[in-house]
file coords-v4.txt (compact mmCIF, N, CA and C atoms and all ligand atoms)
# COMPACT_ATOMS: atom_id res chain seq x y z
N MET A 1 4.46 -10.05 14.07
CA MET A 1 3.58 -9.43 13.08
C MET A 1 3.69 -10.14 11.74
N HIS A 2 4.95 -10.38 11.33
CA HIS A 2 5.16 -11.06 10.04
C HIS A 2 4.53 -12.45 10.07
N CYS A 3 4.74 -13.20 11.15
CA CYS A 3 4.17 -14.55 11.25
C CYS A 3 2.65 -14.50 11.19
N ASP A 4 2.05 -13.55 11.89
CA ASP A 4 0.59 -13.45 11.91
C ASP A 4 0.04 -13.12 10.52
N ILE A 5 0.75 -12.28 9.77
CA ILE A 5 0.31 -11.95 8.41
C ILE A 5 0.40 -13.19 7.52
N TYR A 6 1.52 -13.91 7.61
CA TYR A 6 1.65 -15.13 6.80
C TYR A 6 0.57 -16.16 7.15
N ARG A 7 0.23 -16.26 8.45
CA ARG A 7 -0.82 -17.21 8.86
C ARG A 7 -2.17 -16.78 8.29
N ALA A 8 -2.44 -15.47 8.35
CA ALA A 8 -3.75 -14.96 7.90
C ALA A 8 -3.87 -14.92 6.39
N ARG A 9 -2.73 -14.80 5.70
CA ARG A 9 -2.75 -14.59 4.25
C ARG A 9 -1.78 -15.54 3.57
N PRO A 10 -2.16 -16.79 3.44
CA PRO A 10 -1.23 -17.79 2.90
C PRO A 10 -0.75 -17.51 1.47
N GLU A 11 -1.46 -16.64 0.74
CA GLU A 11 -1.03 -16.33 -0.62
C GLU A 11 0.19 -15.39 -0.65
N LEU A 12 0.51 -14.81 0.51
CA LEU A 12 1.64 -13.89 0.56
C LEU A 12 2.93 -14.64 0.88
N GLY A 13 3.96 -14.35 0.12
CA GLY A 13 5.24 -15.04 0.30
C GLY A 13 6.35 -14.14 0.81
N ALA A 14 6.10 -12.84 0.87
CA ALA A 14 7.12 -11.90 1.33
C ALA A 14 6.47 -10.64 1.90
N ILE A 15 7.12 -10.09 2.90
CA ILE A 15 6.62 -8.87 3.56
C ILE A 15 7.79 -7.91 3.70
N VAL A 16 7.54 -6.65 3.34
CA VAL A 16 8.54 -5.60 3.56
C VAL A 16 7.94 -4.61 4.54
N HIS A 17 8.59 -4.45 5.68
CA HIS A 17 8.15 -3.45 6.66
C HIS A 17 9.27 -2.43 6.82
N ALA A 18 8.92 -1.15 6.74
CA ALA A 18 9.95 -0.12 6.84
C ALA A 18 9.35 1.18 7.36
N HIS A 19 10.22 2.15 7.59
CA HIS A 19 9.82 3.47 8.09
C HIS A 19 10.31 4.55 7.12
N PRO A 20 9.94 4.46 5.84
CA PRO A 20 10.41 5.47 4.88
C PRO A 20 9.75 6.82 5.16
N PRO A 21 10.39 7.93 4.83
CA PRO A 21 9.95 9.24 5.31
C PRO A 21 8.53 9.65 4.91
N ALA A 22 8.14 9.51 3.67
CA ALA A 22 6.82 10.00 3.26
C ALA A 22 5.70 9.14 3.85
N ALA A 23 5.81 7.83 3.72
CA ALA A 23 4.77 6.94 4.26
C ALA A 23 4.68 7.08 5.77
N THR A 24 5.82 7.23 6.42
CA THR A 24 5.81 7.35 7.88
C THR A 24 5.22 8.70 8.31
N ALA A 25 5.57 9.77 7.60
CA ALA A 25 5.00 11.08 7.92
C ALA A 25 3.48 11.03 7.80
N LEU A 26 3.00 10.40 6.73
CA LEU A 26 1.56 10.29 6.54
C LEU A 26 0.94 9.42 7.63
N ALA A 27 1.60 8.33 7.97
CA ALA A 27 1.11 7.43 9.02
C ALA A 27 1.02 8.15 10.36
N ILE A 28 1.88 9.13 10.57
CA ILE A 28 1.84 9.91 11.81
C ILE A 28 0.57 10.76 11.87
N THR A 29 0.01 11.10 10.71
CA THR A 29 -1.27 11.82 10.69
C THR A 29 -2.45 10.85 10.78
N ARG A 30 -2.15 9.56 10.73
CA ARG A 30 -3.15 8.48 10.79
C ARG A 30 -4.15 8.56 9.63
N ARG A 31 -3.67 9.02 8.49
CA ARG A 31 -4.51 9.06 7.29
C ARG A 31 -4.22 7.85 6.42
N SER A 32 -5.24 7.38 5.73
CA SER A 32 -5.06 6.40 4.65
C SER A 32 -4.68 7.17 3.40
N ILE A 33 -4.07 6.48 2.43
CA ILE A 33 -3.78 7.11 1.14
C ILE A 33 -5.01 6.92 0.26
N PRO A 34 -5.66 8.00 -0.15
CA PRO A 34 -6.87 7.89 -0.99
C PRO A 34 -6.49 7.62 -2.45
N PRO A 35 -7.48 7.39 -3.31
CA PRO A 35 -7.18 7.09 -4.73
C PRO A 35 -6.77 8.35 -5.50
N LEU A 36 -5.54 8.80 -5.26
CA LEU A 36 -5.05 10.03 -5.87
C LEU A 36 -4.24 9.78 -7.13
N HIS A 37 -3.89 8.52 -7.38
CA HIS A 37 -3.09 8.15 -8.56
C HIS A 37 -3.49 6.72 -8.93
N TYR A 38 -3.43 6.39 -10.21
CA TYR A 38 -3.91 5.06 -10.61
C TYR A 38 -3.10 3.91 -10.02
N MET A 39 -1.83 4.17 -9.62
CA MET A 39 -1.04 3.08 -9.07
C MET A 39 -1.53 2.60 -7.70
N ILE A 40 -2.48 3.31 -7.11
CA ILE A 40 -3.07 2.87 -5.84
C ILE A 40 -3.65 1.45 -6.00
N VAL A 41 -4.13 1.15 -7.20
CA VAL A 41 -4.75 -0.15 -7.48
C VAL A 41 -3.75 -1.30 -7.28
N ALA A 42 -2.47 -1.02 -7.44
CA ALA A 42 -1.45 -2.06 -7.28
C ALA A 42 -1.42 -2.64 -5.87
N ALA A 43 -1.93 -1.88 -4.89
CA ALA A 43 -1.95 -2.37 -3.50
C ALA A 43 -3.20 -3.19 -3.20
N GLY A 44 -4.08 -3.34 -4.21
CA GLY A 44 -5.21 -4.25 -4.05
C GLY A 44 -6.57 -3.61 -3.89
N GLY A 45 -6.64 -2.31 -3.64
CA GLY A 45 -7.93 -1.68 -3.43
C GLY A 45 -7.95 -0.24 -3.90
N ASP A 46 -8.95 0.50 -3.44
CA ASP A 46 -9.10 1.90 -3.84
C ASP A 46 -8.35 2.85 -2.92
N ASP A 47 -7.79 2.33 -1.86
CA ASP A 47 -6.98 3.16 -0.97
C ASP A 47 -5.94 2.27 -0.30
N ILE A 48 -5.04 2.91 0.41
CA ILE A 48 -4.08 2.16 1.24
C ILE A 48 -4.38 2.58 2.68
N PRO A 49 -5.01 1.67 3.45
CA PRO A 49 -5.47 2.03 4.79
C PRO A 49 -4.31 2.25 5.76
N CYS A 50 -4.64 2.97 6.82
CA CYS A 50 -3.68 3.15 7.91
C CYS A 50 -4.14 2.29 9.08
N ALA A 51 -3.29 1.35 9.48
CA ALA A 51 -3.62 0.47 10.62
C ALA A 51 -3.64 1.28 11.91
N ASP A 52 -4.52 0.88 12.81
CA ASP A 52 -4.61 1.55 14.12
C ASP A 52 -3.27 1.47 14.85
N TYR A 53 -3.04 2.43 15.72
CA TYR A 53 -1.81 2.45 16.50
C TYR A 53 -1.82 1.40 17.60
N ALA A 54 -0.68 0.75 17.77
CA ALA A 54 -0.43 -0.10 18.94
C ALA A 54 1.09 -0.16 19.11
N THR A 55 1.55 -0.46 20.29
CA THR A 55 2.98 -0.52 20.58
C THR A 55 3.67 -1.55 19.69
N PHE A 56 4.86 -1.19 19.19
CA PHE A 56 5.58 -2.11 18.29
C PHE A 56 5.86 -3.44 18.99
N GLY A 57 5.82 -4.49 18.17
CA GLY A 57 6.15 -5.82 18.69
C GLY A 57 5.03 -6.49 19.47
N THR A 58 3.85 -5.87 19.54
CA THR A 58 2.76 -6.47 20.32
C THR A 58 1.77 -7.21 19.42
N ALA A 59 1.03 -8.12 20.06
CA ALA A 59 -0.02 -8.85 19.34
C ALA A 59 -1.11 -7.89 18.87
N GLU A 60 -1.31 -6.80 19.62
CA GLU A 60 -2.31 -5.80 19.27
C GLU A 60 -1.94 -5.12 17.94
N LEU A 61 -0.66 -4.79 17.77
CA LEU A 61 -0.23 -4.17 16.52
C LEU A 61 -0.38 -5.18 15.37
N SER A 62 0.02 -6.40 15.65
CA SER A 62 -0.09 -7.45 14.65
C SER A 62 -1.54 -7.58 14.16
N ALA A 63 -2.48 -7.60 15.10
CA ALA A 63 -3.90 -7.73 14.74
C ALA A 63 -4.37 -6.51 13.95
N ALA A 64 -3.91 -5.33 14.34
CA ALA A 64 -4.32 -4.11 13.63
C ALA A 64 -3.82 -4.13 12.19
N VAL A 65 -2.61 -4.61 11.99
CA VAL A 65 -2.04 -4.66 10.63
C VAL A 65 -2.77 -5.71 9.79
N VAL A 66 -3.02 -6.87 10.36
CA VAL A 66 -3.77 -7.90 9.62
C VAL A 66 -5.14 -7.36 9.20
N ARG A 67 -5.80 -6.63 10.10
CA ARG A 67 -7.10 -6.01 9.77
C ARG A 67 -6.95 -5.01 8.63
N ALA A 68 -5.95 -4.14 8.72
CA ALA A 68 -5.77 -3.10 7.69
C ALA A 68 -5.44 -3.72 6.33
N LEU A 69 -4.84 -4.89 6.34
CA LEU A 69 -4.45 -5.55 5.08
C LEU A 69 -5.61 -6.32 4.43
N THR A 70 -6.78 -6.30 5.03
CA THR A 70 -7.92 -7.00 4.44
C THR A 70 -8.16 -6.50 3.02
N GLY A 71 -8.06 -7.40 2.05
CA GLY A 71 -8.27 -7.02 0.66
C GLY A 71 -7.15 -6.16 0.09
N ARG A 72 -6.04 -6.05 0.79
CA ARG A 72 -4.92 -5.20 0.38
C ARG A 72 -3.60 -5.95 0.51
N GLN A 73 -2.60 -5.39 -0.15
CA GLN A 73 -1.25 -5.95 0.01
C GLN A 73 -0.32 -4.92 0.64
N ALA A 74 -0.88 -3.79 1.07
CA ALA A 74 -0.05 -2.78 1.72
C ALA A 74 -0.89 -1.95 2.67
N CYS A 75 -0.25 -1.43 3.69
CA CYS A 75 -0.94 -0.50 4.60
C CYS A 75 0.10 0.41 5.25
N LEU A 76 -0.41 1.52 5.77
CA LEU A 76 0.39 2.37 6.64
C LEU A 76 0.16 1.86 8.06
N MET A 77 1.04 2.25 8.97
CA MET A 77 0.92 1.84 10.37
C MET A 77 1.00 3.12 11.21
N ALA A 78 -0.09 3.45 11.88
CA ALA A 78 -0.19 4.73 12.60
C ALA A 78 1.01 5.00 13.49
N ASN A 79 1.59 6.19 13.32
CA ASN A 79 2.73 6.65 14.12
C ASN A 79 3.88 5.64 14.13
N HIS A 80 4.06 4.95 12.99
CA HIS A 80 5.09 3.91 12.95
C HIS A 80 5.77 3.82 11.58
N GLY A 81 5.03 3.43 10.54
CA GLY A 81 5.67 3.23 9.23
C GLY A 81 4.72 2.64 8.23
N MET A 82 5.21 1.70 7.45
CA MET A 82 4.38 1.08 6.42
C MET A 82 4.76 -0.38 6.26
N LEU A 83 3.89 -1.10 5.53
CA LEU A 83 4.14 -2.50 5.26
C LEU A 83 3.58 -2.83 3.88
N ALA A 84 4.37 -3.57 3.12
CA ALA A 84 3.92 -4.02 1.80
C ALA A 84 4.22 -5.51 1.69
N ALA A 85 3.37 -6.23 0.99
CA ALA A 85 3.54 -7.68 0.87
C ALA A 85 3.30 -8.09 -0.57
N GLY A 86 3.65 -9.32 -0.86
CA GLY A 86 3.43 -9.83 -2.20
C GLY A 86 3.73 -11.31 -2.26
N PRO A 87 3.55 -11.90 -3.41
CA PRO A 87 3.81 -13.34 -3.55
C PRO A 87 5.29 -13.68 -3.40
N ASP A 88 6.16 -12.71 -3.69
CA ASP A 88 7.60 -12.94 -3.54
C ASP A 88 8.28 -11.62 -3.16
N LEU A 89 9.56 -11.70 -2.83
CA LEU A 89 10.25 -10.51 -2.33
C LEU A 89 10.39 -9.40 -3.37
N PRO A 90 10.73 -9.70 -4.64
CA PRO A 90 10.80 -8.59 -5.60
C PRO A 90 9.48 -7.83 -5.71
N ARG A 91 8.37 -8.55 -5.69
CA ARG A 91 7.07 -7.90 -5.80
C ARG A 91 6.76 -7.07 -4.55
N ALA A 92 7.05 -7.61 -3.38
CA ALA A 92 6.79 -6.88 -2.13
C ALA A 92 7.67 -5.62 -2.05
N LEU A 93 8.91 -5.75 -2.47
CA LEU A 93 9.84 -4.61 -2.44
C LEU A 93 9.40 -3.55 -3.44
N TRP A 94 8.98 -4.01 -4.62
CA TRP A 94 8.47 -3.06 -5.63
C TRP A 94 7.26 -2.30 -5.07
N LEU A 95 6.33 -3.03 -4.44
CA LEU A 95 5.13 -2.38 -3.90
C LEU A 95 5.49 -1.40 -2.78
N ALA A 96 6.47 -1.75 -1.96
CA ALA A 96 6.90 -0.83 -0.89
C ALA A 96 7.35 0.50 -1.50
N GLY A 97 8.08 0.43 -2.59
CA GLY A 97 8.51 1.66 -3.27
C GLY A 97 7.33 2.44 -3.82
N GLU A 98 6.34 1.74 -4.35
CA GLU A 98 5.13 2.41 -4.86
C GLU A 98 4.36 3.10 -3.73
N VAL A 99 4.25 2.43 -2.60
CA VAL A 99 3.55 3.02 -1.45
C VAL A 99 4.26 4.30 -1.01
N GLU A 100 5.58 4.26 -0.96
CA GLU A 100 6.33 5.46 -0.57
C GLU A 100 6.10 6.58 -1.58
N ALA A 101 6.08 6.24 -2.87
CA ALA A 101 5.84 7.27 -3.90
C ALA A 101 4.44 7.85 -3.74
N LEU A 102 3.43 7.00 -3.54
CA LEU A 102 2.05 7.48 -3.38
C LEU A 102 1.91 8.37 -2.14
N ALA A 103 2.56 7.97 -1.07
CA ALA A 103 2.52 8.79 0.15
C ALA A 103 3.17 10.15 -0.10
N ASP A 104 4.26 10.15 -0.85
CA ASP A 104 4.94 11.40 -1.17
C ASP A 104 4.05 12.29 -2.04
N TYR A 105 3.37 11.70 -3.04
CA TYR A 105 2.44 12.50 -3.86
C TYR A 105 1.37 13.12 -2.97
N TYR A 106 0.86 12.32 -2.05
CA TYR A 106 -0.23 12.80 -1.20
C TYR A 106 0.24 13.97 -0.33
N LEU A 107 1.40 13.80 0.29
CA LEU A 107 1.93 14.88 1.13
C LEU A 107 2.10 16.16 0.31
N ARG A 108 2.65 16.00 -0.91
CA ARG A 108 2.88 17.19 -1.75
C ARG A 108 1.56 17.85 -2.15
N THR A 109 0.55 17.04 -2.50
CA THR A 109 -0.72 17.64 -2.93
C THR A 109 -1.45 18.29 -1.75
N LEU A 110 -1.22 17.78 -0.54
CA LEU A 110 -1.87 18.40 0.63
C LEU A 110 -1.37 19.82 0.85
N THR A 111 -0.18 20.13 0.35
CA THR A 111 0.36 21.49 0.52
C THR A 111 -0.24 22.47 -0.49
N VAL A 112 -0.94 21.95 -1.51
CA VAL A 112 -1.52 22.84 -2.54
C VAL A 112 -3.02 22.60 -2.69
N GLY A 113 -3.68 22.33 -1.58
CA GLY A 113 -5.13 22.22 -1.59
C GLY A 113 -5.69 20.82 -1.60
N GLY A 114 -4.82 19.82 -1.71
CA GLY A 114 -5.30 18.43 -1.66
C GLY A 114 -5.51 17.86 -3.04
N PRO A 115 -5.49 16.53 -3.14
CA PRO A 115 -5.59 15.87 -4.44
C PRO A 115 -7.02 15.86 -4.99
N VAL A 116 -7.11 15.79 -6.31
CA VAL A 116 -8.38 15.44 -6.96
C VAL A 116 -8.37 13.92 -7.06
N LEU A 117 -9.35 13.27 -6.48
CA LEU A 117 -9.34 11.81 -6.40
C LEU A 117 -9.96 11.16 -7.62
N LEU A 118 -9.48 9.98 -7.95
CA LEU A 118 -10.04 9.19 -9.04
C LEU A 118 -11.40 8.63 -8.61
N SER A 119 -12.31 8.51 -9.55
CA SER A 119 -13.63 7.96 -9.25
C SER A 119 -13.58 6.42 -9.27
N ALA A 120 -14.64 5.81 -8.77
CA ALA A 120 -14.74 4.35 -8.79
C ALA A 120 -14.67 3.84 -10.23
N ALA A 121 -15.29 4.52 -11.16
CA ALA A 121 -15.27 4.10 -12.58
C ALA A 121 -13.85 4.21 -13.15
N GLU A 122 -13.16 5.27 -12.79
CA GLU A 122 -11.78 5.43 -13.28
C GLU A 122 -10.86 4.35 -12.72
N LEU A 123 -11.07 3.99 -11.46
CA LEU A 123 -10.27 2.93 -10.86
C LEU A 123 -10.61 1.57 -11.47
N ALA A 124 -11.87 1.35 -11.78
CA ALA A 124 -12.27 0.09 -12.43
C ALA A 124 -11.59 -0.05 -13.79
N ALA A 125 -11.48 1.05 -14.52
CA ALA A 125 -10.81 1.02 -15.82
C ALA A 125 -9.33 0.69 -15.65
N VAL A 126 -8.72 1.18 -14.59
CA VAL A 126 -7.30 0.88 -14.32
C VAL A 126 -7.13 -0.61 -14.05
N ARG A 127 -8.05 -1.19 -13.27
CA ARG A 127 -7.95 -2.62 -12.96
C ARG A 127 -7.98 -3.45 -14.24
N ILE A 128 -8.83 -3.09 -15.16
CA ILE A 128 -8.92 -3.81 -16.43
C ILE A 128 -7.60 -3.70 -17.19
N ARG A 129 -7.03 -2.51 -17.24
CA ARG A 129 -5.74 -2.32 -17.93
C ARG A 129 -4.64 -3.14 -17.26
N PHE A 130 -4.61 -3.14 -15.94
CA PHE A 130 -3.58 -3.88 -15.22
C PHE A 130 -3.68 -5.37 -15.51
N GLN A 131 -4.90 -5.89 -15.61
CA GLN A 131 -5.05 -7.31 -15.93
C GLN A 131 -4.46 -7.61 -17.30
N ASP A 132 -4.72 -6.71 -18.25
CA ASP A 132 -4.16 -6.88 -19.60
C ASP A 132 -2.64 -6.85 -19.58
N TYR A 133 -2.09 -6.03 -18.68
CA TYR A 133 -0.64 -5.85 -18.62
C TYR A 133 0.04 -6.87 -17.72
N GLY A 134 -0.75 -7.75 -17.08
CA GLY A 134 -0.13 -8.77 -16.23
C GLY A 134 0.44 -8.21 -14.94
N LEU A 135 -0.28 -7.26 -14.33
CA LEU A 135 0.20 -6.66 -13.08
C LEU A 135 0.46 -7.69 -12.00
N ARG A 136 -0.31 -8.76 -12.02
CA ARG A 136 -0.17 -9.75 -10.95
C ARG A 136 1.21 -10.40 -10.94
N THR A 137 1.85 -10.46 -12.09
CA THR A 137 3.17 -11.08 -12.10
C THR A 137 4.26 -10.07 -11.80
N HIS A 138 4.19 -8.89 -12.41
CA HIS A 138 5.20 -7.88 -12.12
C HIS A 138 4.76 -6.55 -12.72
N ALA A 139 4.22 -5.69 -11.87
CA ALA A 139 3.63 -4.45 -12.37
C ALA A 139 4.65 -3.47 -12.93
N SER A 140 5.89 -3.50 -12.45
CA SER A 140 6.84 -2.51 -12.94
C SER A 140 7.12 -2.72 -14.42
N SER A 141 7.06 -3.98 -14.88
CA SER A 141 7.26 -4.20 -16.32
C SER A 141 6.05 -3.70 -17.10
N ALA A 142 4.86 -3.74 -16.45
CA ALA A 142 3.67 -3.18 -17.11
C ALA A 142 3.85 -1.69 -17.31
N GLU A 143 4.45 -1.03 -16.32
CA GLU A 143 4.64 0.42 -16.42
C GLU A 143 5.60 0.80 -17.54
N SER A 144 6.54 -0.06 -17.85
CA SER A 144 7.56 0.31 -18.84
C SER A 144 7.12 0.02 -20.27
N ARG A 145 5.98 -0.64 -20.44
CA ARG A 145 5.52 -0.95 -21.79
C ARG A 145 4.98 0.25 -22.52
ZN ZN B 201 8.76 -0.80 12.46

call {"tool": "encode", "arguments": {"input": "coords-v4.txt", "output": "structure tokens"}}
result
Amino acid sequence: MHCDIYRARPELGAIVHAHPPAATALAITRRSIPPLHYMIVAAGGDDIPCADYATFGTAELSAAVVRALTGRQACLMANHGMLAAGPDLPRALWLAGEVEALADYYLRTLTVGGPVLLSAAELAAVRIRFQDYGLRTHASSAESR
């Protein structure tokens, strides 16, 4: 799976795959993470998709993950876990932590009626701010400013 992602996405230099509790619980429901918090933009799009289920270690799973990563740097993996990528390992590891946090927010909001989602215009404004803050190099430093 890792090799197939690197082949499909030469701009990626590191991949973190894990089974953290919130992202994995959400992946078991086969839901994508919707735009419930502005940090969703850090994964490359307006949501974090959930890749279709396939048996671990198979070419089928690898293809499903590559598909889910289209235009994204992170995805959930149905009934399995999550994956985050980036130009280098610190960035991929940072994004993996963000995905777990977003999944946890989503699970918590589902217990109280579900999240109020950000609009396309609100997400576009976040993208502009992130560019100003240099998110592409290291978003966590943007957050601390
Ligand atoms: Zn796994």

call {"tool": "atom_distance", "arguments": {"input": "coords-v4.txt", "atom1": "CA of Glu98 (chain A)", "atom2": "CA of Thr70 (chain A)"}}
result
18.6 Å

call {"tool": "closest_atom_pairs", "arguments": {"input": "coords-v4.txt", "of": "chain A", "to": "ligand ZN 201 (chain B)", "cutoff": "6.5 Å", "atoms": "all atoms listed in the file", "output": "CSV"}}
result
residue,atom,partner,partner_atom,distance
A:His17,C,B:ZN201,ZN,5.9
A:Ala18,C,B:ZN201,ZN,5.5
A:His19,N,B:ZN201,ZN,5.9
A:His80,C,B:ZN201,ZN,5.6
A:Gly81,N,B:ZN201,ZN,6.0

call {"tool": "closest_residue", "arguments": {"input": "coords-v4.txt", "among": "A:Ala22, A:Ala59, A:Cys75, A:Ala43", "to": "Ala103 (chain A)", "atoms": "all atoms listed in the file"}}
result
A:Ala22

call {"tool": "select_by_dssp", "arguments": {"input": "coords-v4.txt", "residues": "region 20-117 of chain A", "states": "helix (DSSP H, G or I)", "output": "PyMOL selection string"}}
result
chain A and resi 21-28+38-43+59-68+89-110

call {"tool": "residues_around", "arguments": {"input": "coords-v4.txt", "residues": "Asp46 (chain A)", "least_positions_apart": "5", "cutoff": "6 Å", "atoms": "only N, CA and C atoms", "output": "count of residues only"}}
result
4
